[in-house]
$ cat input-v2.pdb   # PDB, C-alpha atoms, pLDDT in the B column
ATOM      1  CA  MET J   1       2.516 -41.193 -13.454  1.00 66.00           C
ATOM      2  CA  LYS J   2       3.414 -37.528 -13.061  1.00 75.00           C
ATOM      3  CA  PRO J   3       1.588 -35.057 -15.273  1.00 82.00           C
ATOM      4  CA  LYS J   4       3.443 -33.029 -17.903  1.00 89.00           C
ATOM      5  CA  PHE J   5       3.536 -29.290 -17.338  1.00 94.00           C
ATOM      6  CA  GLU J   6       4.142 -26.476 -19.833  1.00 96.00           C
ATOM      7  CA  VAL J   7       4.682 -22.720 -19.558  1.00 97.00           C
ATOM      8  CA  GLU J   8       1.380 -20.775 -19.672  1.00 97.00           C
ATOM      9  CA  GLN J   9      -0.585 -23.909 -18.766  1.00 97.00           C
ATOM     10  CA  ARG J  10      -3.459 -23.341 -16.345  1.00 96.00           C
ATOM     11  CA  VAL J  11      -3.065 -25.480 -13.233  1.00 97.00           C
ATOM     12  CA  TRP J  12      -4.510 -25.689  -9.732  1.00 96.00           C
ATOM     13  CA  VAL J  13      -2.832 -25.105  -6.377  1.00 95.00           C
ATOM     14  CA  SER J  14      -4.154 -26.402  -3.075  1.00 92.00           C
ATOM     15  CA  VAL J  15      -3.324 -24.871   0.298  1.00 89.00           C
ATOM     16  CA  ARG J  16      -3.164 -27.187   3.305  1.00 84.00           C
ATOM     17  CA  ASN J  17      -2.556 -26.349   6.948  1.00 82.00           C
ATOM     18  CA  THR J  18       0.038 -28.885   8.157  1.00 79.00           C
ATOM     19  CA  VAL J  19      -0.580 -28.180  11.861  1.00 81.00           C
ATOM     20  CA  GLU J  20      -4.349 -28.449  12.111  1.00 81.00           C
ATOM     21  CA  GLN J  21      -7.062 -29.885   9.892  1.00 78.00           C
ATOM     22  CA  SER J  22      -8.328 -27.473   7.270  1.00 76.00           C
ATOM     23  CA  LYS J  23     -11.024 -27.500   4.618  1.00 80.00           C
ATOM     24  CA  PRO J  24      -9.943 -28.341   1.062  1.00 79.00           C
ATOM     25  CA  TYR J  25      -9.053 -25.167  -0.812  1.00 85.00           C
ATOM     26  CA  VAL J  26      -7.792 -24.799  -4.380  1.00 92.00           C
ATOM     27  CA  THR J  27      -7.096 -21.835  -6.695  1.00 94.00           C
ATOM     28  CA  GLU J  28      -6.293 -21.508 -10.383  1.00 96.00           C
ATOM     29  CA  HIS J  29      -2.710 -20.616 -11.347  1.00 97.00           C
ATOM     30  CA  ILE J  30      -0.667 -20.168 -14.531  1.00 97.00           C
ATOM     31  CA  ILE J  31       2.774 -21.718 -14.991  1.00 97.00           C
ATOM     32  CA  THR J  32       5.283 -18.927 -15.647  1.00 97.00           C
ATOM     33  CA  ARG J  33       8.489 -20.947 -16.079  1.00 96.00           C
ATOM     34  CA  ILE J  34       9.967 -24.400 -15.651  1.00 97.00           C
ATOM     35  CA  GLU J  35      13.559 -24.925 -14.571  1.00 95.00           C
ATOM     36  CA  LYS J  36      15.675 -27.950 -13.652  1.00 90.00           C
ATOM     37  CA  GLY J  37      14.544 -28.126 -10.016  1.00 90.00           C
ATOM     38  CA  GLY J  38      11.250 -26.298 -10.011  1.00 95.00           C
ATOM     39  CA  ILE J  39       8.019 -25.212 -11.596  1.00 97.00           C
ATOM     40  CA  TYR J  40       6.984 -21.595 -11.067  1.00 97.00           C
ATOM     41  CA  ALA J  41       3.325 -20.596 -11.093  1.00 97.00           C
ATOM     42  CA  ARG J  42       1.320 -17.523 -10.173  1.00 97.00           C
ATOM     43  CA  PRO J  43      -2.353 -17.055  -9.356  1.00 95.00           C
ATOM     44  CA  VAL J  44      -4.542 -15.882 -12.232  1.00 94.00           C
ATOM     45  CA  ASN J  45      -4.650 -12.032 -12.174  1.00 89.00           C
ATOM     46  CA  HIS J  46      -1.615 -11.780  -9.828  1.00 90.00           C
ATOM     47  CA  LEU J  47       2.086 -11.273 -10.489  1.00 90.00           C
ATOM     48  CA  CYS J  48       3.617 -12.998  -7.452  1.00 92.00           C
ATOM     49  CA  GLU J  49       4.878 -16.456  -8.383  1.00 94.00           C
ATOM     50  CA  ARG J  50       5.585 -19.474  -6.196  1.00 95.00           C
ATOM     51  CA  ARG J  51       8.212 -22.178  -6.774  1.00 96.00           C
ATOM     52  CA  PHE J  52       7.147 -25.824  -6.592  1.00 96.00           C
ATOM     53  CA  HIS J  53       9.696 -28.619  -6.218  1.00 95.00           C
ATOM     54  CA  ILE J  54       9.664 -30.600  -9.445  1.00 93.00           C
ATOM     55  CA  SER J  55       9.813 -33.985  -7.665  1.00 91.00           C
ATOM     56  CA  THR J  56       7.051 -33.425  -5.066  1.00 92.00           C
ATOM     57  CA  LEU J  57       5.016 -30.643  -6.739  1.00 93.00           C
ATOM     58  CA  THR J  58       4.898 -28.910  -3.334  1.00 92.00           C
ATOM     59  CA  SER J  59       5.983 -25.563  -1.920  1.00 93.00           C
ATOM     60  CA  LYS J  60       6.434 -24.903   1.794  1.00 87.00           C
ATOM     61  CA  HIS J  61       8.433 -22.221   3.574  1.00 81.00           C
ATOM     62  CA  LYS J  62      10.503 -23.444   6.511  1.00 81.00           C
ATOM     63  CA  ASN J  63       8.634 -21.435   9.179  1.00 84.00           C
ATOM     64  CA  SER J  64       5.160 -21.713   7.671  1.00 86.00           C
ATOM     65  CA  LYS J  65       2.398 -24.107   8.630  1.00 87.00           C
ATOM     66  CA  TYR J  66       0.973 -23.988   5.101  1.00 87.00           C
ATOM     67  CA  GLU J  67       1.896 -26.315   2.274  1.00 89.00           C
ATOM     68  CA  PHE J  68       1.008 -25.587  -1.344  1.00 92.00           C
ATOM     69  CA  LYS J  69       0.644 -28.367  -3.899  1.00 93.00           C
ATOM     70  CA  LEU J  70       0.464 -28.147  -7.676  1.00 95.00           C
ATOM     71  CA  TRP J  71      -2.244 -30.101  -9.526  1.00 94.00           C
ATOM     72  CA  ALA J  72      -2.609 -30.585 -13.287  1.00 94.00           C
ATOM     73  CA  SER J  73      -6.403 -30.556 -13.004  1.00 92.00           C
ATOM     74  CA  VAL J  74      -8.983 -29.603 -10.429  1.00 92.00           C
ATOM     75  CA  GLU J  75     -10.534 -33.057 -10.895  1.00 92.00           C
ATOM     76  CA  ASP J  76      -7.319 -34.706  -9.637  1.00 90.00           C
ATOM     77  CA  PHE J  77      -7.439 -32.542  -6.519  1.00 90.00           C
ATOM     78  CA  TRP J  78     -11.073 -33.338  -5.708  1.00 89.00           C
ATOM     79  CA  LYS J  79     -10.490 -37.039  -6.381  1.00 90.00           C
ATOM     80  CA  ASP J  80      -7.749 -37.074  -3.713  1.00 86.00           C
ATOM     81  CA  VAL J  81     -10.057 -35.182  -1.328  1.00 86.00           C
ATOM     82  CA  GLU J  82     -12.859 -37.724  -1.859  1.00 88.00           C
ATOM     83  CA  GLU J  83     -10.473 -40.654  -1.359  1.00 86.00           C
ATOM     84  CA  GLY J  84      -9.114 -39.139   1.860  1.00 80.00           C
ATOM     85  CA  LEU J  85      -5.639 -38.636   0.420  1.00 74.00           C
ATOM     86  CA  TYR J  86      -5.656 -34.824   0.663  1.00 67.00           C
ATOM     87  CA  GLU J  87      -4.906 -34.755   4.396  1.00 64.00           C
ATOM     88  CA  ARG J  88      -2.040 -37.255   4.059  1.00 52.00           C
ATOM     89  CA  ASN J  89      -0.284 -35.768   1.005  1.00 47.00           C
TER      90      ASN J  89
END
$ encode --input "input-v2.pdb" --output "C-alpha cells"
Amino acid sequence: MKPKFEVEQRVWVSVRNTVEQSKPYVTEHIITRIEKGGIYARPVNHLCERRFHISTLTSKHKNSKYEFKLWASVEDFWKDVEEGLYERN
C-alpha cells in the first residue's frame, strides 16, 4: 500500500548510486506541491525542489548515476535497508 502524501509534510529522501554500491543515505525533505504526475519536495532549509514520479516515488536524471527515492518515514527506509531491499529498489 502506497503512503498518502500532503503538502508541507516532512518526508525522507534516499540517494542511491545506481552504478556502484553505496552506503545507505537519507535526508529530511518537505513536500512543496503535489500534481497529477509528481510530488515535489525540497530539503529542509533549502529552496531547490526535486520532482518525484507519483507511481514510483523516484527521481533520476537521464545522465545521472544517482537515483532519489521518496519515503513517508525514515523507519520505512531503514526497514528496507535491513531487509536488503534498498540495493534492489
$ resolve_selection --input "input-v2.pdb" --expression "the PyMOL selection byres ((chain J and resi 24) around 10)" --output "PyMOL selection string"
chain J and resi 14-17+21-23+25-26+77-78+81+86-87
$ atom_distance --input "input-v2.pdb" --atom1 "atom CA of Gly38 of chain J" --atom2 "atom CA of Thr56 of chain J"
9.6 Å
$ axis_aligned_box --input "input-v2.pdb" --around "segment 26-31 of chain J" --padding-each-side "5 Å" --output "JSON"
{"center_x": -2.5, "center_y": -22.5, "center_z": -9.7, "size_x": 20.6, "size_y": 14.6, "size_z": 20.6}
$ closest_residue --input "input-v2.pdb" --among "J:His29, J:Lys2, J:Arg10, J:His46" --to "Phe68 of chain J" --atoms "only C-alpha atoms"
J:His29
$ closest_residue --input "input-v2.pdb" --among "J:Tyr66, J:Thr58, J:Leu85, J:Gly37" --to "Val13 of chain J" --atoms "only C-alpha atoms"
J:Thr58
$ closest_residue --input "input-v2.pdb" --among "J:Phe52, J:Trp12, J:Phe5, J:Trp71" --to "Ile39 of chain J" --atoms "only C-alpha atoms"
J:Phe52
$ atom_distance --input "input-v2.pdb" --atom1 "atom CA of Glu6 of chain J" --atom2 "atom CA of Lys36 of chain J"
13.2 Å
$ atom_distance --input "input-v2.pdb" --atom1 "atom CA of Asp80 of chain J" --atom2 "atom CA of Leu57 of chain J"
14.6 Å
$ closest_residue --input "input-v2.pdb" --among "J:Ala72, J:Glu20, J:His53, J:Val11" --to "Thr32 of chain J" --atoms "all atoms listed in the file"
J:Val11
$ resolve_selection --input "input-v2.pdb" --expression "the PyMOL selection byres ((chain J and resi 8) around 6)" --output "ChimeraX atom specification"
/J:7,9,30-32
$ residues_near_point --input "input-v2.pdb" --point "(3.6, -29.9, 9.2)" --cutoff "7 Å" --atoms "all atoms listed in the file" --output "PyMOL selection string"
chain J and resi 18-19+65
$ closest_residue --input "input-v2.pdb" --among "J:Lys4, J:Asp76, J:Thr27, J:Glu82" --to "Val44 of chain J" --atoms "all atoms listed in the file"
J:Thr27
$ closest_residue --input "input-v2.pdb" --among "J:Gly84, J:Glu28, J:Lys60, J:Lys69" --to "Pro43 of chain J" --atoms "only C-alpha atoms"
J:Glu28
